[in-house]
Amino acid sequence: MSRSVITFLTDFGLQDDFVGTCHGVIAGIAPDAHVIDLTHGIAPQAVLQGAVVLHNTIAYLPVGVHLAVVDPGVGGDRRAVAVVTRDGRVFVGPDNGLLMVAADALGVDRAHELVDPRYRLPVVSRTFHARDVFAPAAAHLAAGVAVEELGPAVPVDSLVRVDVPEPEVGRTQISTTVLVVDRFGNVATNARRSHVDALSAHEGRLEVRLALDRYYASLVETFAEAQVGELILYEDSYGLMTLAISSGDAAKLTGVGPGDEIRFAVT
Amino acid sequence: MSRSVITFLTDFGLQDDFVGTCHGVIAGIAPDAHVIDLTHGIAPQAVLQGAVVLHNTIAYLPVGVHLAVVDPGVGGDRRAVAVVTRDGRVFVGPDNGLLMVAADALGVDRAHELVDPRYRLPVVSRTFHARDVFAPAAAHLAAGVAVEELGPAVPVDSLVRVDVPEPEVGRTQISTTVLVVDRFGNVATNARRSHVDALSAHEGRLEVRLALDRYYASLVETFAEAQVGELILYEDSYGLMTLAISSGDAAKLTGVGPGDEIRFAVT
Amino acid sequence: MSRSVITFLTDFGLQDDFVGTCHGVIAGIAPDAHVIDLTHGIAPQAVLQGAVVLHNTIAYLPVGVHLAVVDPGVGGDRRAVAVVTRDGRVFVGPDNGLLMVAADALGVDRAHELVDPRYRLPVVSRTFHARDVFAPAAAHLAAGVAVEELGPAVPVDSLVRVDVPEPEVGRTQISTTVLVVDRFGNVATNARRSHVDALSAHEGRLEVRLALDRYYASLVETFAEAQVGELILYEDSYGLMTLAISSGDAAKLTGVGPGDEIRFAVT
């Protein structure tokens, strides 16, 4: 049989030992688990961004344990949970909405709170539950412990959700929210292609309205269609309408970041 | 039997191929070893920081081979060593103190110098001993070679140590040294809770004295106790008294970094 | 038998989910493959840098599948290829020269275009072929699919090559090009030791001529020979003549980056 897979997403970055220490804890409990670092580059405490990335990528990950920790409420009274989806995945992390965009899309079967001390480290710190609570739970699940063993059932309705903002679509204008900016400076919004298609007569070119600036962007299918240096709007590989510059950095040009508003208007 | 574990800590960063190339060398020698990247984010040539991180995290790592390379003296006459501790761990790296804070805490059993050419790469460069000397030694150890095979015994007393600075504790004031700043801007000092508890009548609030500035910090158990934007002092998950800002960046506010002095005083 | 090795080089960085998502895709197809992240720190779209790093490091990597993606032409008409070398390695990536500095040095046996839909993801996006085309091909190869299955043979002569610039060597001066700047600020040029040795009477000291500035550098074997803060020129561990500062950052001092010219002259 293949090794159990644990995917691992956090806002820890890779500068510190946080991620490596969690890998150590997992290896001590489930030496044969295959841990895949999905990303540790979520912006610090950006629960919504983490939830969107987990949702966007889940179809590309093997069925397994999906450990995710973006946890501004660590040490407070937010619950630690394991959420089982209908396709047999188990999401492990804080009950702050991080897991639920992906889990709800797949259909939640049941959830359990991570309270049984047998599946935590012997000493649980106040500030590093990834190491002391979440990684041990994920590792025990990968090693074959049933999710019911980890703690009592939690009503699925009681799990915290985050709102993923939806674009506002008018006849000649869409108001969108920036979800993710990647290392290439590509700016992914919450608009889908259908939102853009609903605009009247855009002729392949839209005005891009920011708080202070205006630009024009060409609608293209691929970077190869664009001139070098041209501002473009394309559907990214996760289906999000994304602003980019061919061989350039659209985030640097526009100065926008996650949460900012961008309006696309017929010119 | 489980795969042998090699943990790996350096100051190489992840921008270059240094870490990946060492992984390649290890995989060529010990294809079934399980390599865990503990961190590669130690500040360039910061031996003390590397030593502290290795010490802080070692209890969370499976018993195995612990490869660590922060090596400003590469190519000079510092020795390359493997240090065996009483619990059966083997630390591999330069003899510059990097390994010894952790190893001494566990109790050193014996040490050997890495000189046998059978366990180095055929050509040893002057500047990349992680690839040519240390990674091969770690891999051969993980593959079952006895530490005695790697080279002659080294007297344990002769191994280089670094001094971890201790705080100076007065009746109304502690003088501390910053050990680590993490990605969240949390500033870990060398003070422990007992040092703070020894201050007279601090009433849960301390003055924070830097070279030029003064702040006030609240003593808290968790981030959840703090107001957003409040400067706090808490015991971090490794037991270090740490300055932080709830939903903020204490390192940015204060401008301090590793090696800087911070004094905490009763107000 | 040992697990199949896939090495993985990109310009994706580690901030986003790109690398982790590709790991997920690979694990779904070839659960027992051992994926080694060679580096994901190639500068965005820097095909030449990627080609040089792959060439420099290949001797340290086990024979396996070598997945490399630096792909400014994604979505255009550049081919996706697998290139088999005489020693049994298979390079997988875009046909833009990235693979060929390493592959030509090893000797190319044959190449195939990655077009068979059985070995791609069911939906292929316009902008993320690493996930949809290259990672699946690499994973299927690691899982035992023959390279001939992936698509039709491609004439080896038709594969795109990049020119690695060669230094211009005079009697008293070498004109070099910067290939790579690493995290320590070391500046690797395209000059080899033989180029420097061919200069007349340099007496261990060369003038370093940039567009606007001049410096002097000492020729040394190791960092340990240099004074702290001294500018030095040494042969790096890949055989490239490299400008560095002992305990300092030569890239910051000089302001040079990949592609810039540096002339070394007899003083």
# chains A, B, ... in the order shown; residues from 1 in each chain; ligands from 1
>>> interface_residues(of="chain A", to="chain C", cutoff="6 Å", atoms="only C-alpha atoms", output="number ranges by chain")
A: 37-39, 41, 60-62, 222, 224, 237
>>> closest_atom_pairs(of="range 22-92 of chain A", to="range 140-162 of chain A", cutoff="12 Å", atoms="only C-alpha atoms", output="CSV")
residue,atom,partner,partner_atom,distance
A:Val25,CA,A:His140,CA,10.6
A:Ile26,CA,A:His140,CA,8.3
A:Ala27,CA,A:Ala143,CA,10.4
A:Gly28,CA,A:His140,CA,10.2
A:Ile29,CA,A:His140,CA,6.5
A:Ala30,CA,A:Ala143,CA,5.3
A:Pro31,CA,A:Ala143,CA,8.5
A:Asp32,CA,A:Ala143,CA,8.1
A:Ala33,CA,A:Ala142,CA,6.4
A:His34,CA,A:Ala142,CA,9.0
A:Val35,CA,A:Ala142,CA,9.9
A:Ala46,CA,A:Val162,CA,11.3
A:Val47,CA,A:Val162,CA,8.2
A:Leu48,CA,A:Val162,CA,6.7
A:Gln49,CA,A:Val162,CA,10.4
A:Gly50,CA,A:Val162,CA,10.8
A:Ala51,CA,A:Val162,CA,8.3
A:Val52,CA,A:Val162,CA,10.0
A:Val63,CA,A:Ala142,CA,11.2
A:Gly64,CA,A:Ala142,CA,7.7
A:Val65,CA,A:Ala142,CA,6.7
A:His66,CA,A:Ala142,CA,10.1
A:Leu67,CA,A:Leu141,CA,10.7
A:Arg78,CA,A:Val160,CA,9.4
A:Arg79,CA,A:Leu159,CA,9.1
A:Ala80,CA,A:Gly151,CA,10.0
A:Val81,CA,A:Val154,CA,8.3
A:Ala82,CA,A:Val147,CA,7.2
A:Val83,CA,A:Val156,CA,8.6
A:Val84,CA,A:Val147,CA,8.2
A:Thr85,CA,A:Val156,CA,10.9
A:Gly88,CA,A:Val147,CA,11.2
A:Arg89,CA,A:Leu141,CA,10.8
A:Val90,CA,A:Val147,CA,8.3
A:Phe91,CA,A:Leu141,CA,10.4
A:Val92,CA,A:Leu141,CA,9.6
>>> select_by_dssp(residues="range 1-216 of chain A", states="alpha helix (DSSP H)", output="JSON, numbers by chain")
{"A": [18, 19, 20, 21, 22, 23, 24, 25, 26, 27, 28, 29, 47, 48, 49, 50, 51, 52, 53, 54, 55, 56, 57, 100, 101, 102, 103, 104, 105, 106, 129, 135, 136, 137, 138, 139, 140, 141, 142, 193, 194, 195, 196, 197]}
>>> select_by_dssp(residues="range 3-252 of chain B", states="strand (DSSP E)", output="count of residues only")
71
>>> residues_around(residues="Asp260 in chain C", least_positions_apart="6", cutoff="12 Å", atoms="only C-alpha atoms", output="list in words")
Pro165, Ser175, Thr176, Thr177, Val178, Leu179, Val180, Val181, Val187, Ala188, Thr189, Asn190, Arg209, Leu210, Ala211, Ala251 and Thr254 of chain C
>>> write_last_selection(atoms="N, CA and C atoms", output="PDB file, in the first residue's frame")
ATOM      1  N   PRO C 165      27.130  32.607 -22.413  1.00  0.00           N
ATOM      2  CA  PRO C 165      28.181  33.526 -22.860  1.00  0.00           C
ATOM      3  C   PRO C 165      29.549  33.060 -22.382  1.00  0.00           C
ATOM      4  N   SER C 175      36.952  39.948 -20.035  1.00  0.00           N
ATOM      5  CA  SER C 175      35.606  40.494 -19.930  1.00  0.00           C
ATOM      6  C   SER C 175      34.650  39.343 -19.628  1.00  0.00           C
ATOM      7  N   THR C 176      33.999  39.384 -18.470  1.00  0.00           N
ATOM      8  CA  THR C 176      33.151  38.269 -18.030  1.00  0.00           C
ATOM      9  C   THR C 176      31.697  38.723 -17.896  1.00  0.00           C
ATOM     10  N   THR C 177      30.823  37.740 -17.806  1.00  0.00           N
ATOM     11  CA  THR C 177      29.406  38.006 -17.590  1.00  0.00           C
ATOM     12  C   THR C 177      28.983  37.349 -16.283  1.00  0.00           C
ATOM     13  N   VAL C 178      28.194  38.063 -15.484  1.00  0.00           N
ATOM     14  CA  VAL C 178      27.692  37.494 -14.235  1.00  0.00           C
ATOM     15  C   VAL C 178      26.637  36.442 -14.561  1.00  0.00           C
ATOM     16  N   LEU C 179      26.798  35.243 -14.024  1.00  0.00           N
ATOM     17  CA  LEU C 179      25.815  34.175 -14.255  1.00  0.00           C
ATOM     18  C   LEU C 179      24.824  34.059 -13.092  1.00  0.00           C
ATOM     19  N   VAL C 180      25.336  34.045 -11.882  1.00  0.00           N
ATOM     20  CA  VAL C 180      24.484  33.796 -10.716  1.00  0.00           C
ATOM     21  C   VAL C 180      24.960  34.646  -9.539  1.00  0.00           C
ATOM     22  N   VAL C 181      24.024  35.216  -8.797  1.00  0.00           N
ATOM     23  CA  VAL C 181      24.336  35.859  -7.517  1.00  0.00           C
ATOM     24  C   VAL C 181      23.634  35.052  -6.437  1.00  0.00           C
ATOM     25  N   VAL C 187      29.203  36.621  -6.328  1.00  0.00           N
ATOM     26  CA  VAL C 187      28.893  36.932  -7.722  1.00  0.00           C
ATOM     27  C   VAL C 187      29.672  35.985  -8.625  1.00  0.00           C
ATOM     28  N   ALA C 188      29.000  34.957  -9.139  1.00  0.00           N
ATOM     29  CA  ALA C 188      29.672  33.970  -9.989  1.00  0.00           C
ATOM     30  C   ALA C 188      29.671  34.454 -11.432  1.00  0.00           C
ATOM     31  N   THR C 189      30.849  34.505 -12.033  1.00  0.00           N
ATOM     32  CA  THR C 189      30.978  34.913 -13.435  1.00  0.00           C
ATOM     33  C   THR C 189      31.161  33.674 -14.313  1.00  0.00           C
ATOM     34  N   ASN C 190      31.212  33.918 -15.607  1.00  0.00           N
ATOM     35  CA  ASN C 190      31.435  32.803 -16.528  1.00  0.00           C
ATOM     36  C   ASN C 190      32.913  32.491 -16.730  1.00  0.00           C
ATOM     37  N   ARG C 209      36.649  45.950 -12.913  1.00  0.00           N
ATOM     38  CA  ARG C 209      36.097  47.118 -13.589  1.00  0.00           C
ATOM     39  C   ARG C 209      34.627  46.911 -13.900  1.00  0.00           C
ATOM     40  N   LEU C 210      33.803  47.750 -13.310  1.00  0.00           N
ATOM     41  CA  LEU C 210      32.369  47.729 -13.600  1.00  0.00           C
ATOM     42  C   LEU C 210      32.043  48.923 -14.483  1.00  0.00           C
ATOM     43  N   ALA C 211      30.786  49.079 -14.811  1.00  0.00           N
ATOM     44  CA  ALA C 211      30.389  50.189 -15.678  1.00  0.00           C
ATOM     45  C   ALA C 211      30.886  51.520 -15.108  1.00  0.00           C
ATOM     46  N   ALA C 251      27.701  41.446  -3.959  1.00  0.00           N
ATOM     47  CA  ALA C 251      26.650  41.923  -4.861  1.00  0.00           C
ATOM     48  C   ALA C 251      26.128  43.276  -4.393  1.00  0.00           C
ATOM     49  N   THR C 254      28.858  45.996  -5.140  1.00  0.00           N
ATOM     50  CA  THR C 254      29.092  46.339  -6.545  1.00  0.00           C
ATOM     51  C   THR C 254      27.795  46.652  -7.288  1.00  0.00           C
TER      52      THR C 254
END
>>> residues_around(residues="Gly185 in chain A", least_positions_apart="4", cutoff="8 Å", atoms="only C-alpha atoms", output="list in words")
Val181, Ala244, Gly248, Asp249, Ala250, Ala251 and Lys252 of chain A
>>> write_last_selection(atoms="all heavy atoms", output="PDB file, in the first residue's frame")
ATOM      1  N   VAL A 181      -1.866  37.704  -4.605  1.00  0.00           N
ATOM      2  CA  VAL A 181      -0.819  38.231  -5.481  1.00  0.00           C
ATOM      3  C   VAL A 181       0.327  37.232  -5.459  1.00  0.00           C
ATOM      4  O   VAL A 181       0.794  36.868  -4.377  1.00  0.00           O
ATOM      5  CB  VAL A 181      -0.327  39.608  -4.997  1.00  0.00           C
ATOM      6  CG1 VAL A 181       0.890  40.063  -5.793  1.00  0.00           C
ATOM      7  CG2 VAL A 181      -1.445  40.632  -5.090  1.00  0.00           C
ATOM      8  N   ALA A 244      -2.167  40.977 -15.110  1.00  0.00           N
ATOM      9  CA  ALA A 244      -0.753  40.644 -15.221  1.00  0.00           C
ATOM     10  C   ALA A 244      -0.103  41.546 -16.249  1.00  0.00           C
ATOM     11  O   ALA A 244      -0.786  42.231 -17.014  1.00  0.00           O
ATOM     12  CB  ALA A 244      -0.578  39.182 -15.617  1.00  0.00           C
ATOM     13  N   GLY A 248       6.435  41.347 -16.880  1.00  0.00           N
ATOM     14  CA  GLY A 248       6.462  42.443 -15.925  1.00  0.00           C
ATOM     15  C   GLY A 248       5.725  42.072 -14.655  1.00  0.00           C
ATOM     16  O   GLY A 248       5.418  40.902 -14.430  1.00  0.00           O
ATOM     17  N   ASP A 249       5.434  43.060 -13.816  1.00  0.00           N
ATOM     18  CA  ASP A 249       4.901  42.817 -12.482  1.00  0.00           C
ATOM     19  C   ASP A 249       3.703  43.738 -12.263  1.00  0.00           C
ATOM     20  O   ASP A 249       3.853  44.923 -11.967  1.00  0.00           O
ATOM     21  CB  ASP A 249       6.012  43.092 -11.463  1.00  0.00           C
ATOM     22  CG  ASP A 249       5.631  42.744 -10.038  1.00  0.00           C
ATOM     23  OD1 ASP A 249       4.538  43.155  -9.598  1.00  0.00           O
ATOM     24  OD2 ASP A 249       6.423  42.068  -9.369  1.00  0.00           O
ATOM     25  N   ALA A 250       2.507  43.187 -12.413  1.00  0.00           N
ATOM     26  CA  ALA A 250       1.295  44.009 -12.328  1.00  0.00           C
ATOM     27  C   ALA A 250       1.050  44.516 -10.909  1.00  0.00           C
ATOM     28  O   ALA A 250       0.496  45.595 -10.714  1.00  0.00           O
ATOM     29  CB  ALA A 250       0.078  43.212 -12.819  1.00  0.00           C
ATOM     30  N   ALA A 251       1.470  43.744  -9.904  1.00  0.00           N
ATOM     31  CA  ALA A 251       1.282  44.195  -8.527  1.00  0.00           C
ATOM     32  C   ALA A 251       2.148  45.417  -8.250  1.00  0.00           C
ATOM     33  O   ALA A 251       1.736  46.355  -7.568  1.00  0.00           O
ATOM     34  CB  ALA A 251       1.628  43.067  -7.551  1.00  0.00           C
ATOM     35  N   LYS A 252       3.361  45.406  -8.775  1.00  0.00           N
ATOM     36  CA  LYS A 252       4.255  46.544  -8.570  1.00  0.00           C
ATOM     37  C   LYS A 252       3.700  47.775  -9.288  1.00  0.00           C
ATOM     38  O   LYS A 252       3.703  48.879  -8.742  1.00  0.00           O
ATOM     39  CB  LYS A 252       5.656  46.187  -9.075  1.00  0.00           C
ATOM     40  CG  LYS A 252       6.759  46.981  -8.413  1.00  0.00           C
ATOM     41  CD  LYS A 252       8.134  46.471  -8.806  1.00  0.00           C
ATOM     42  CE  LYS A 252       8.562  45.274  -7.956  1.00  0.00           C
ATOM     43  NZ  LYS A 252       9.884  44.734  -8.366  1.00  0.00           N
TER      44      LYS A 252
END
>>> residues_around(residues="range 230-236 of chain B", least_positions_apart="4", cutoff="6 Å", atoms="only C-alpha atoms", output="short mmCIF file (atom, residue, chain, number, x, y, z; two decimals) with N, CA, C and O atoms, in the first residue's frame")
data_model
loop_
_atom_site.label_atom_id
_atom_site.label_comp_id
_atom_site.auth_asym_id
_atom_site.auth_seq_id
_atom_site.Cartn_x
_atom_site.Cartn_y
_atom_site.Cartn_z
N ALA B 217 5.28 47.10 27.95
CA ALA B 217 4.73 45.83 27.49
C ALA B 217 3.95 45.16 28.61
O ALA B 217 4.36 45.20 29.77
N SER B 218 2.84 44.53 28.22
CA SER B 218 2.05 43.76 29.18
C SER B 218 2.53 42.32 29.18
O SER B 218 2.79 41.74 28.13
N LEU B 219 2.62 41.75 30.35
CA LEU B 219 2.95 40.33 30.48
C LEU B 219 1.68 39.52 30.26
O LEU B 219 0.70 39.68 31.02
N VAL B 220 1.66 38.64 29.29
CA VAL B 220 0.48 37.83 29.01
C VAL B 220 0.86 36.37 28.79
O VAL B 220 2.03 36.05 28.58
N GLU B 221 -0.14 35.52 28.85
CA GLU B 221 0.07 34.09 28.59
C GLU B 221 -0.09 33.79 27.10
O GLU B 221 0.59 32.92 26.56
N LEU B 240 11.31 30.92 25.85
CA LEU B 240 12.04 32.19 25.83
C LEU B 240 11.05 33.35 26.00
O LEU B 240 10.01 33.38 25.34
N MET B 241 11.40 34.32 26.84
CA MET B 241 10.55 35.50 27.00
C MET B 241 10.68 36.33 25.72
O MET B 241 11.78 36.71 25.31
N THR B 242 9.53 36.63 25.12
CA THR B 242 9.50 37.13 23.76
C THR B 242 8.60 38.36 23.68
O THR B 242 7.50 38.37 24.22
N LEU B 243 9.11 39.37 22.99
CA LEU B 243 8.39 40.61 22.78
C LEU B 243 7.59 40.49 21.49
O LEU B 243 8.13 40.05 20.46
N ALA B 244 6.32 40.89 21.51
CA ALA B 244 5.49 40.74 20.32
C ALA B 244 4.43 41.81 20.32
O ALA B 244 4.20 42.48 21.33
N ILE B 245 3.80 41.98 19.17
CA ILE B 245 2.63 42.85 19.08
C ILE B 245 1.51 42.02 18.52
O ILE B 245 1.67 41.36 17.48
N SER B 246 0.38 42.04 19.21
CA SER B 246 -0.78 41.31 18.72
C SER B 246 -1.19 41.88 17.36
O SER B 246 -1.42 43.08 17.22
#
>>> closest_residue(among="A:His55, A:Arg171, A:His112, A:Arg214", to="His202 in chain A", atoms="only C-alpha atoms")
A:Arg171
